[in-house]
$ cat input09.cif   # mmCIF, C-alpha atoms
data_final
loop_
_atom_site.label_atom_id
_atom_site.label_comp_id
_atom_site.auth_asym_id
_atom_site.auth_seq_id
_atom_site.Cartn_x
_atom_site.Cartn_y
_atom_site.Cartn_z
CA MET A 1 4.42 27.38 14.10
CA GLU A 2 6.87 24.64 13.15
CA LEU A 3 8.46 21.69 14.86
CA ILE A 4 11.22 19.30 13.89
CA LYS A 5 11.63 15.91 15.52
CA TRP A 6 14.58 13.57 15.07
CA LYS A 7 13.54 9.94 14.87
CA ALA A 8 14.52 6.70 13.23
CA TYR A 9 11.99 3.99 12.44
CA LEU A 10 12.44 0.48 11.10
CA ASP A 11 8.75 -0.40 11.14
CA TYR A 12 6.69 1.86 8.88
CA GLU A 13 3.45 1.03 10.70
CA LYS A 14 4.91 2.28 13.98
CA GLU A 15 6.13 5.36 12.16
CA GLU A 16 2.64 5.88 10.75
CA LYS A 17 1.09 5.46 14.20
CA TRP A 18 3.40 8.10 15.66
CA ILE A 19 2.71 10.59 12.86
CA ASN A 20 -1.04 10.10 13.41
CA GLU A 21 -0.65 10.61 17.15
CA MET A 22 1.14 13.89 16.43
CA SER A 23 -1.70 14.92 14.12
CA GLN A 24 -4.23 14.21 16.84
CA LYS A 25 -2.36 16.72 19.00
CA GLY A 26 -2.47 19.31 16.23
CA TRP A 27 1.00 18.75 14.76
CA HIS A 28 0.66 17.95 11.08
CA PHE A 29 3.49 16.24 9.29
CA LYS A 30 4.74 18.22 6.31
CA LYS A 31 8.09 16.92 5.19
CA TYR A 32 10.69 14.25 5.79
CA THR A 33 14.38 14.80 5.39
CA PHE A 34 17.02 12.38 6.58
CA PHE A 35 15.82 11.26 10.07
CA ARG A 36 14.02 14.59 10.54
CA TYR A 37 10.26 14.93 10.64
CA HIS A 38 8.91 18.43 9.99
CA PHE A 39 5.55 19.39 11.51
CA GLU A 40 3.36 22.47 11.36
CA LYS A 41 0.76 23.46 13.92
CA GLY A 42 -2.90 23.26 13.05
CA GLU A 43 -6.23 22.16 14.49
CA ALA A 44 -6.17 18.86 16.33
CA ASN A 45 -7.00 15.65 14.51
CA LYS A 46 -7.29 17.25 11.11
CA TYR A 47 -5.66 14.49 9.05
CA ILE A 48 -5.17 10.76 8.82
CA TYR A 49 -1.72 9.83 7.54
CA ARG A 50 -0.63 6.72 5.66
CA LEU A 51 2.78 5.63 4.43
CA GLN A 52 3.26 3.47 1.38
CA MET A 53 6.20 1.84 -0.29
CA LEU A 54 5.92 2.15 -4.06
CA ASN A 55 7.42 -0.22 -6.60
CA ASN A 56 9.50 2.56 -8.03
CA ARG A 57 10.81 5.96 -7.00
CA PRO A 58 8.22 8.76 -6.93
CA ASN A 59 9.56 10.34 -10.11
CA HIS A 60 9.01 7.14 -12.14
CA ILE A 61 6.11 7.35 -14.60
CA GLN A 62 4.12 4.57 -12.88
CA SER A 63 4.52 6.24 -9.50
CA GLN A 64 3.51 9.56 -11.01
CA GLU A 65 0.32 8.00 -12.36
CA TYR A 66 -0.46 6.53 -8.95
CA ILE A 67 0.20 9.85 -7.19
CA GLN A 68 -2.12 11.57 -9.68
CA PHE A 69 -4.72 8.86 -8.94
CA LEU A 70 -4.36 9.56 -5.21
CA GLU A 71 -4.69 13.30 -5.67
CA ASP A 72 -7.83 12.84 -7.80
CA SER A 73 -9.25 10.94 -4.83
CA GLY A 74 -8.58 13.79 -2.43
CA ILE A 75 -5.44 12.23 -0.98
CA GLU A 76 -2.49 14.59 -0.62
CA VAL A 77 1.07 13.31 -0.97
CA VAL A 78 3.03 15.53 1.40
CA SER A 79 6.50 14.04 1.26
CA SER A 80 8.56 11.18 -0.08
CA PHE A 81 11.80 9.36 0.66
CA SER A 82 13.43 6.72 -1.52
CA SER A 83 10.45 4.74 -2.85
CA TRP A 84 8.23 5.69 0.10
CA ILE A 85 5.46 8.26 0.04
CA PHE A 86 3.76 10.03 2.94
CA MET A 87 0.14 10.85 2.25
CA ARG A 88 -2.79 12.29 4.16
CA GLN A 89 -6.54 12.73 3.88
CA PRO A 90 -8.74 15.08 5.94
CA SER A 91 -10.21 13.18 8.93
CA GLU A 92 -13.69 14.47 8.15
CA LYS A 93 -13.76 12.28 5.04
CA GLY A 94 -13.83 9.24 7.30
CA PRO A 95 -11.60 6.17 7.60
CA PHE A 96 -8.59 6.09 5.31
CA GLU A 97 -6.83 2.89 4.37
CA VAL A 98 -4.55 2.20 1.44
CA PHE A 99 -5.05 -1.56 1.19
CA THR A 100 -8.48 -2.97 1.92
CA ASP A 101 -8.43 -6.58 0.81
CA LEU A 102 -6.30 -9.56 1.73
CA THR A 103 -4.62 -9.96 -1.66
CA SER A 104 -3.24 -6.44 -1.75
CA LYS A 105 -2.34 -6.42 1.95
CA ILE A 106 -0.30 -9.59 1.56
CA LYS A 107 1.41 -8.27 -1.57
CA ASN A 108 2.34 -5.06 0.23
CA TYR A 109 3.81 -6.78 3.29
CA LYS A 110 5.78 -9.13 1.05
CA SER A 111 7.27 -6.20 -0.88
CA VAL A 112 8.27 -4.44 2.33
CA ARG A 113 9.71 -7.65 3.75
CA LEU A 114 11.76 -8.19 0.60
CA LEU A 115 13.28 -4.71 0.80
CA ILE A 116 14.06 -5.04 4.50
CA GLY A 117 15.42 -8.53 3.92
CA ILE A 118 17.82 -7.31 1.25
CA ILE A 119 19.10 -4.48 3.45
CA CYS A 120 19.50 -6.87 6.38
CA LEU A 121 21.35 -9.49 4.35
CA ALA A 122 23.55 -6.91 2.64
CA ASN A 123 24.67 -5.47 5.96
CA ILE A 124 25.43 -8.85 7.44
CA CYS A 125 27.36 -9.95 4.35
CA ILE A 126 29.35 -6.72 4.18
CA GLY A 127 30.22 -7.01 7.84
CA ILE A 128 31.28 -10.64 7.62
CA SER A 129 33.17 -10.43 4.34
CA ASN A 130 35.06 -7.30 5.30
CA SER A 131 36.18 -8.62 8.65
CA ALA A 132 37.08 -11.99 7.11
CA LEU A 133 38.95 -10.49 4.16
CA LEU A 134 40.96 -8.10 6.23
CA GLY A 135 41.34 -10.53 9.13
CA SER A 136 45.04 -10.62 9.72
CA ARG A 137 45.67 -7.24 8.19
CA LEU A 138 43.38 -5.63 10.73
CA SER A 139 45.72 -6.15 13.63
CA HIS A 140 47.59 -2.94 12.87
CA LEU A 141 44.37 -0.94 13.11
CA GLY A 142 43.00 0.34 16.37
CA GLN A 143 40.20 -1.45 18.16
CA ALA A 144 37.70 1.15 16.89
CA GLU A 145 38.39 0.42 13.24
CA GLN A 146 38.15 -3.30 13.80
CA ASN A 147 34.78 -2.87 15.49
CA MET A 148 33.44 -0.97 12.50
CA PHE A 149 32.47 -4.14 10.71
CA SER A 150 30.49 -5.34 13.70
CA ILE A 151 28.30 -2.28 13.17
CA ASN A 152 27.23 -3.62 9.78
CA ILE A 153 26.42 -7.00 11.28
CA GLY A 154 24.65 -5.39 14.25
CA LEU A 155 22.60 -3.17 11.96
CA GLY A 156 21.62 -6.15 9.88
CA LEU A 157 20.51 -8.07 12.96
CA LEU A 158 18.35 -5.15 14.09
CA PHE A 159 16.06 -5.84 11.17
CA VAL A 160 15.50 -9.46 12.07
CA PRO A 161 12.70 -8.93 14.65
CA TYR A 162 10.84 -6.75 12.14
CA ILE A 163 11.18 -9.36 9.40
CA TYR A 164 9.81 -11.90 11.86
CA ARG A 165 6.81 -9.65 12.67
CA LEU A 166 6.10 -9.11 8.97
CA THR A 167 6.22 -12.85 8.37
CA LYS A 168 3.71 -13.42 11.16
CA LYS A 169 1.36 -10.84 9.64
CA ILE A 170 1.69 -12.39 6.19
CA ASN A 171 1.02 -15.89 7.49
CA PHE A 172 -2.01 -14.70 9.42
CA LEU A 173 -3.48 -13.00 6.35
CA GLN A 174 -2.80 -16.05 4.18
CA LYS A 175 -4.69 -18.22 6.64
CA GLU A 176 -7.62 -15.80 6.39
CA GLN A 177 -7.43 -16.07 2.63
CA ALA A 178 -8.12 -19.78 2.87
CA LEU A 179 -11.53 -18.91 4.31
CA HIS A 180 -12.57 -15.73 2.59
CA GLU A 181 -11.43 -12.49 1.07
CA MET B 1 -17.68 -22.11 -22.11
CA VAL B 2 -16.23 -21.33 -18.72
CA LEU B 3 -13.90 -18.38 -19.10
CA ASP B 4 -12.43 -18.29 -15.63
CA LYS B 5 -12.92 -20.98 -13.01
CA ASN B 6 -12.31 -18.95 -9.90
CA PRO B 7 -14.71 -16.60 -8.10
CA LEU B 8 -13.85 -12.93 -8.34
CA THR B 9 -12.92 -10.93 -5.25
CA GLU B 10 -15.40 -8.27 -4.25
CA ALA B 11 -12.94 -5.57 -5.16
CA VAL B 12 -12.56 -6.91 -8.71
CA PHE B 13 -16.31 -7.43 -9.03
CA PHE B 14 -17.05 -3.83 -8.13
CA ILE B 15 -14.26 -2.48 -10.30
CA LEU B 16 -15.58 -4.36 -13.35
CA LEU B 17 -19.15 -3.28 -12.55
CA SER B 18 -18.17 0.38 -12.23
CA LEU B 19 -16.28 0.26 -15.53
CA VAL B 20 -19.26 -0.86 -17.61
CA LYS B 21 -19.24 2.87 -18.26
CA PRO B 22 -15.86 4.63 -18.62
CA CYS B 23 -14.61 5.93 -15.30
CA HIS B 24 -11.62 7.50 -13.57
CA GLY B 25 -9.99 5.63 -10.71
CA TYR B 26 -11.60 7.86 -8.11
CA GLY B 27 -15.00 7.25 -9.70
CA ILE B 28 -14.50 3.50 -9.19
CA MET B 29 -13.96 3.99 -5.47
CA GLN B 30 -16.99 6.25 -5.15
CA PHE B 31 -19.23 3.93 -7.18
CA SER B 32 -18.30 0.92 -5.04
CA SER B 33 -18.95 2.77 -1.82
CA GLU B 34 -22.30 4.20 -2.96
CA MET B 35 -23.67 1.04 -4.58
CA SER B 36 -22.87 -1.00 -1.47
CA HIS B 37 -24.23 1.66 0.90
CA GLY B 38 -20.81 2.16 2.43
CA ARG B 39 -20.11 -1.52 3.06
CA VAL B 40 -17.44 -1.86 0.41
CA SER B 41 -14.78 0.78 0.82
CA LEU B 42 -11.89 0.18 -1.58
CA GLY B 43 -8.48 1.57 -0.75
CA ALA B 44 -6.46 3.47 -3.35
CA GLY B 45 -3.58 0.99 -3.21
CA THR B 46 -5.91 -1.98 -3.63
CA VAL B 47 -7.74 -0.42 -6.58
CA TYR B 48 -4.60 0.70 -8.37
CA GLY B 49 -2.99 -2.71 -8.03
CA ALA B 50 -6.16 -4.42 -9.25
CA LEU B 51 -6.46 -2.05 -12.24
CA ASN B 52 -3.01 -3.04 -13.44
CA THR B 53 -3.77 -6.74 -13.06
CA LEU B 54 -7.09 -6.34 -14.90
CA MET B 55 -5.35 -4.50 -17.74
CA ASP B 56 -2.78 -7.30 -18.04
CA LYS B 57 -5.65 -9.77 -18.36
CA ASP B 58 -7.40 -7.53 -20.88
CA TRP B 59 -10.56 -7.36 -18.79
CA ILE B 60 -10.34 -3.56 -18.79
CA SER B 61 -8.57 -1.03 -20.96
CA VAL B 62 -7.61 2.60 -20.89
CA GLU B 63 -10.07 4.57 -22.98
CA ALA B 64 -8.50 7.96 -23.31
CA SER B 65 -6.52 10.26 -21.14
CA SER B 66 -7.93 13.74 -20.91
CA GLU B 67 -6.12 16.12 -23.23
CA ALA B 68 -5.15 18.41 -20.40
CA ASP B 69 -3.40 15.84 -18.27
CA LYS B 70 -2.00 12.62 -19.65
CA ARG B 71 -1.67 11.15 -16.16
CA LYS B 72 -5.45 11.15 -15.56
CA LYS B 73 -6.59 7.87 -17.01
CA LEU B 74 -10.09 6.82 -18.00
CA TYR B 75 -10.72 3.09 -17.67
CA VAL B 76 -13.43 0.97 -19.27
CA ILE B 77 -14.42 -2.70 -19.33
CA THR B 78 -13.51 -4.78 -22.40
CA PRO B 79 -15.81 -7.34 -24.08
CA LEU B 80 -13.80 -10.09 -22.35
CA GLY B 81 -14.19 -8.32 -19.00
CA LEU B 82 -17.94 -8.00 -19.55
CA ALA B 83 -18.18 -11.72 -20.32
CA ILE B 84 -16.27 -12.52 -17.13
CA LEU B 85 -18.57 -10.24 -15.14
CA LYS B 86 -21.71 -11.86 -16.56
CA GLN B 87 -20.33 -15.30 -15.83
CA GLU B 88 -19.66 -14.23 -12.24
CA ILE B 89 -23.23 -12.96 -11.88
CA GLU B 90 -24.51 -16.34 -13.09
CA ARG B 91 -22.35 -18.03 -10.47
CA LEU B 92 -23.77 -15.77 -7.73
CA LYS B 93 -27.34 -16.48 -8.90
CA GLU B 94 -26.58 -20.18 -8.69
CA LEU B 95 -25.35 -19.77 -5.11
CA ILE B 96 -28.56 -17.95 -4.15
CA THR B 97 -30.69 -20.67 -5.72
CA VAL B 98 -28.81 -23.43 -3.93
CA SER B 99 -29.07 -21.64 -0.58
CA GLN B 100 -32.78 -21.09 -1.05
CA ILE B 101 -33.26 -24.81 -1.56
CA VAL B 102 -31.40 -25.61 1.63
CA LEU B 103 -32.62 -22.81 3.86
CA GLU B 104 -36.10 -22.26 2.43
CA GLU B 105 -36.69 -19.03 4.28
CA ILE B 106 -34.82 -16.48 2.18
#
$ encode --input "input09.cif" --output "structure tokens"
Amino acid sequence: MELIKWKAYLDYEKEEKWINEMSQKGWHFKKYTFFRYHFEKGEANKYIYRLQMLNNRPNHIQSQEYIQFLEDSGIEVVSSFSSWIFMRQPSEKGPFEVFTDLTSKIKNYKSVRLLIGIICLANICIGISNSALLGSRLSHLGQAEQNMFSINIGLGLLFVPYIYRLTKKINFLQKEQALHE
Amino acid sequence: MVLDKNPLTEAVFFILLSLVKPCHGYGIMQFSSEMSHGRVSLGAGTVYGALNTLMDKDWISVEASSEADKRKKLYVITPLGLAILKQEIERLKELITVSQIVLEEI
């Protein structure tokens, strides 16, 4: 039995949490296509899912080596999108975490924050520069077209709370690092 | 001669220890978990990141990929890595000695 859910997530940890909740109910994530999550029915709580942003796209040689490394460890990569991979491990194997020490956790959050930051900034800049450039020439357009550039700015601003949350997490972990590993 | 002034993280310590004999990445994770009786559980992302850093520093090297699959790498400690590991063990022994002096009960 299959199920498709339409969802959009900014925060990959919330996305991960939702996918794991679905797995607990017996719906196991199989594939991601643009905003669509594909599930198949199975026994409840069979898998633990983790998402990870890689440094390169999955077809890059370094990513391929990492994916092979994961599979050797009994971790299955079920889907990917851009430089993100979706992986799972059977629950019976016990707890499953990708990053287990402060150094790697901080590095990961910083990489994610950088990506999100670039997208956020790009959207805001596109929105501002386009509306500024076309300023006077926009008056002949309808209100809808003129509002289009506010969408870019709005989208950019949507990311700001997430960037703030990531920064808080990073700062917290760095404080911990001062004491121990 | 002091090779490296800073203490090693537990993850690095266990990785170096497990690579005294050549090992695949998964073997490193298993070794660490077994030798620490489950206390140290290294994540795949942590280990992979550390392996790359350790290779850059020449503390470990890739021994040989299996003929069948070039992506399956076999890692092993280098002479430099072994020296670093031994130095770290000396540091830990020194910490134990100092604590015994202060606490007397251990």
$ closest_residue --input "input09.cif" --among "B:Ser36, B:Thr53, B:Thr78, B:Ser18" --to "chain A" --atoms "all atoms listed in the file"
B:Thr53
$ closest_residue --input "input09.cif" --among "A:Lys105, A:Lys14, A:Lys175, A:Arg113" --to "chain B" --atoms "only C-alpha atoms"
A:Lys105
$ interface_residues --input "input09.cif" --of "chain A" --to "chain B" --cutoff "10 Å" --atoms "all atoms listed in the file" --output "MDAnalysis selection string"
chainID A and resid 52 54 61:62 64:75 95:105 107:108 180:181
$ write_last_selection --input "input09.cif" --atoms "C-alpha atoms" --output "compact mmCIF listing (two decimals), in the frame of the given file"
# COMPACT_ATOMS: atom_id res chain seq x y z
CA GLN A 52 3.26 3.47 1.38
CA LEU A 54 5.92 2.15 -4.06
CA ILE A 61 6.11 7.35 -14.60
CA GLN A 62 4.12 4.57 -12.88
CA GLN A 64 3.51 9.56 -11.01
CA GLU A 65 0.32 8.00 -12.36
CA TYR A 66 -0.46 6.53 -8.95
CA ILE A 67 0.20 9.85 -7.19
CA GLN A 68 -2.12 11.57 -9.68
CA PHE A 69 -4.72 8.86 -8.94
CA LEU A 70 -4.36 9.56 -5.21
CA GLU A 71 -4.69 13.30 -5.67
CA ASP A 72 -7.83 12.84 -7.80
CA SER A 73 -9.25 10.94 -4.83
CA GLY A 74 -8.58 13.79 -2.43
CA ILE A 75 -5.44 12.23 -0.98
CA PRO A 95 -11.60 6.17 7.60
CA PHE A 96 -8.59 6.09 5.31
CA GLU A 97 -6.83 2.89 4.37
CA VAL A 98 -4.55 2.20 1.44
CA PHE A 99 -5.05 -1.56 1.19
CA THR A 100 -8.48 -2.97 1.92
CA ASP A 101 -8.43 -6.58 0.81
CA LEU A 102 -6.30 -9.56 1.73
CA THR A 103 -4.62 -9.96 -1.66
CA SER A 104 -3.24 -6.44 -1.75
CA LYS A 105 -2.34 -6.42 1.95
CA LYS A 107 1.41 -8.27 -1.57
CA ASN A 108 2.34 -5.06 0.23
CA HIS A 180 -12.57 -15.73 2.59
CA GLU A 181 -11.43 -12.49 1.07
$ residues_near_point --input "input09.cif" --point "(1.6, 6.6, 3.1)" --cutoff "9 Å" --atoms "all atoms listed in the file" --output "list in words"
Glu16, Tyr49, Arg50, Leu51, Gln52, Met53, Val77, Ser80, Trp84, Ile85, Phe86, Met87, Arg88 and Val98 of chain A
$ resolve_selection --input "input09.cif" --expression "the PyMOL selection byres ((chain B and resi 62) around 8)" --output "PyMOL selection string"
chain B and resi 60-61+63-65+73-76
$ closest_residue --input "input09.cif" --among "A:Lys169, A:Arg57, A:His28, A:Lys41" --to "A:Pro90" --atoms "all atoms listed in the file"
A:His28
$ residues_around --input "input09.cif" --residues "A:Phe149" --least-positions-apart "5" --cutoff "8 Å" --atoms "only C-alpha atoms" --output "PDB file with C-alpha atoms, in the coordinates of the input"
ATOM      1  CA  ILE A 126      29.350  -6.720   4.180  1.00  0.00           C
ATOM      2  CA  GLY A 127      30.220  -7.010   7.840  1.00  0.00           C
ATOM      3  CA  ILE A 128      31.280 -10.640   7.620  1.00  0.00           C
ATOM      4  CA  ASN A 130      35.060  -7.300   5.300  1.00  0.00           C
ATOM      5  CA  SER A 131      36.180  -8.620   8.650  1.00  0.00           C
TER       6      SER A 131
END
$ resolve_selection --input "input09.cif" --expression "the PyMOL selection byres ((chain B and resi 79-91) around 8)" --output "list in words"
Val2, Leu3, Asp4, Pro7, Leu8, Phe13, Leu16, Leu17, Val20, Asp58, Trp59, Ile60, Ile77, Thr78, Leu92, Lys93, Glu94 and Leu95 of chain B
$ atom_distance --input "input09.cif" --atom1 "atom CA of B:Asn6" --atom2 "atom CA of A:Leu166"
28.1 Å
$ decode --input "input09.cif" --residues "stretch 71-94 of chain B" --atoms "N, CA and C atoms" --output "PDB file, in the first residue's frame"
ATOM      1  N   ARG B  71      35.158   1.541  -4.227  1.00  0.00           N
ATOM      2  CA  ARG B  71      34.632   2.503  -3.263  1.00  0.00           C
ATOM      3  C   ARG B  71      34.810   2.036  -1.830  1.00  0.00           C
ATOM      4  N   LYS B  72      35.064   0.721  -1.635  1.00  0.00           N
ATOM      5  CA  LYS B  72      35.225   0.193  -0.276  1.00  0.00           C
ATOM      6  C   LYS B  72      36.666   0.365   0.154  1.00  0.00           C
ATOM      7  N   LYS B  73      36.894   1.332   1.010  1.00  0.00           N
ATOM      8  CA  LYS B  73      38.279   1.626   1.387  1.00  0.00           C
ATOM      9  C   LYS B  73      38.713   0.923   2.659  1.00  0.00           C
ATOM     10  N   LEU B  74      39.999   0.580   2.694  1.00  0.00           N
ATOM     11  CA  LEU B  74      40.607  -0.031   3.870  1.00  0.00           C
ATOM     12  C   LEU B  74      41.578   1.004   4.440  1.00  0.00           C
ATOM     13  N   TYR B  75      41.372   1.367   5.693  1.00  0.00           N
ATOM     14  CA  TYR B  75      42.227   2.390   6.300  1.00  0.00           C
ATOM     15  C   TYR B  75      43.222   1.758   7.261  1.00  0.00           C
ATOM     16  N   VAL B  76      44.344   2.422   7.466  1.00  0.00           N
ATOM     17  CA  VAL B  76      45.333   1.929   8.433  1.00  0.00           C
ATOM     18  C   VAL B  76      46.121   3.109   9.010  1.00  0.00           C
ATOM     19  N   ILE B  77      46.620   2.927  10.243  1.00  0.00           N
ATOM     20  CA  ILE B  77      47.361   4.007  10.889  1.00  0.00           C
ATOM     21  C   ILE B  77      48.750   4.143  10.251  1.00  0.00           C
ATOM     22  N   THR B  78      49.277   5.340  10.215  1.00  0.00           N
ATOM     23  CA  THR B  78      50.629   5.564   9.689  1.00  0.00           C
ATOM     24  C   THR B  78      51.609   5.608  10.864  1.00  0.00           C
ATOM     25  N   PRO B  79      52.913   5.560  10.602  1.00  0.00           N
ATOM     26  CA  PRO B  79      53.882   5.676  11.696  1.00  0.00           C
ATOM     27  C   PRO B  79      53.688   6.972  12.498  1.00  0.00           C
ATOM     28  N   LEU B  80      53.368   8.062  11.808  1.00  0.00           N
ATOM     29  CA  LEU B  80      53.114   9.329  12.499  1.00  0.00           C
ATOM     30  C   LEU B  80      51.889   9.200  13.398  1.00  0.00           C
ATOM     31  N   GLY B  81      50.824   8.589  12.858  1.00  0.00           N
ATOM     32  CA  GLY B  81      49.600   8.396  13.628  1.00  0.00           C
ATOM     33  C   GLY B  81      49.856   7.558  14.867  1.00  0.00           C
ATOM     34  N   LEU B  82      50.685   6.516  14.721  1.00  0.00           N
ATOM     35  CA  LEU B  82      51.003   5.639  15.848  1.00  0.00           C
ATOM     36  C   LEU B  82      51.778   6.407  16.925  1.00  0.00           C
ATOM     37  N   ALA B  83      52.678   7.282  16.481  1.00  0.00           N
ATOM     38  CA  ALA B  83      53.432   8.103  17.432  1.00  0.00           C
ATOM     39  C   ALA B  83      52.505   9.038  18.194  1.00  0.00           C
ATOM     40  N   ILE B  84      51.558   9.635  17.476  1.00  0.00           N
ATOM     41  CA  ILE B  84      50.565  10.524  18.100  1.00  0.00           C
ATOM     42  C   ILE B  84      49.739   9.751  19.126  1.00  0.00           C
ATOM     43  N   LEU B  85      49.331   8.547  18.754  1.00  0.00           N
ATOM     44  CA  LEU B  85      48.513   7.721  19.634  1.00  0.00           C
ATOM     45  C   LEU B  85      49.289   7.384  20.909  1.00  0.00           C
ATOM     46  N   LYS B  86      50.527   6.995  20.758  1.00  0.00           N
ATOM     47  CA  LYS B  86      51.359   6.636  21.927  1.00  0.00           C
ATOM     48  C   LYS B  86      51.568   7.838  22.839  1.00  0.00           C
ATOM     49  N   GLN B  87      51.760   8.996  22.209  1.00  0.00           N
ATOM     50  CA  GLN B  87      51.932  10.222  22.989  1.00  0.00           C
ATOM     51  C   GLN B  87      50.669  10.515  23.791  1.00  0.00           C
ATOM     52  N   GLU B  88      49.511  10.288  23.169  1.00  0.00           N
ATOM     53  CA  GLU B  88      48.232  10.519  23.834  1.00  0.00           C
ATOM     54  C   GLU B  88      48.069   9.583  25.019  1.00  0.00           C
ATOM     55  N   ILE B  89      48.475   8.320  24.839  1.00  0.00           N
ATOM     56  CA  ILE B  89      48.380   7.345  25.929  1.00  0.00           C
ATOM     57  C   ILE B  89      49.262   7.771  27.096  1.00  0.00           C
ATOM     58  N   GLU B  90      50.437   8.286  26.809  1.00  0.00           N
ATOM     59  CA  GLU B  90      51.315   8.807  27.864  1.00  0.00           C
ATOM     60  C   GLU B  90      50.642   9.948  28.615  1.00  0.00           C
ATOM     61  N   ARG B  91      49.975  10.812  27.879  1.00  0.00           N
ATOM     62  CA  ARG B  91      49.269  11.941  28.490  1.00  0.00           C
ATOM     63  C   ARG B  91      48.175  11.439  29.427  1.00  0.00           C
ATOM     64  N   LEU B  92      47.420  10.417  28.971  1.00  0.00           N
ATOM     65  CA  LEU B  92      46.345   9.858  29.793  1.00  0.00           C
ATOM     66  C   LEU B  92      46.907   9.197  31.052  1.00  0.00           C
ATOM     67  N   LYS B  93      48.041   8.504  30.910  1.00  0.00           N
ATOM     68  CA  LYS B  93      48.679   7.874  32.072  1.00  0.00           C
ATOM     69  C   LYS B  93      49.089   8.938  33.084  1.00  0.00           C
ATOM     70  N   GLU B  94      49.577  10.058  32.558  1.00  0.00           N
ATOM     71  CA  GLU B  94      49.996  11.154  33.439  1.00  0.00           C
ATOM     72  C   GLU B  94      48.799  11.708  34.218  1.00  0.00           C
TER      73      GLU B  94
END
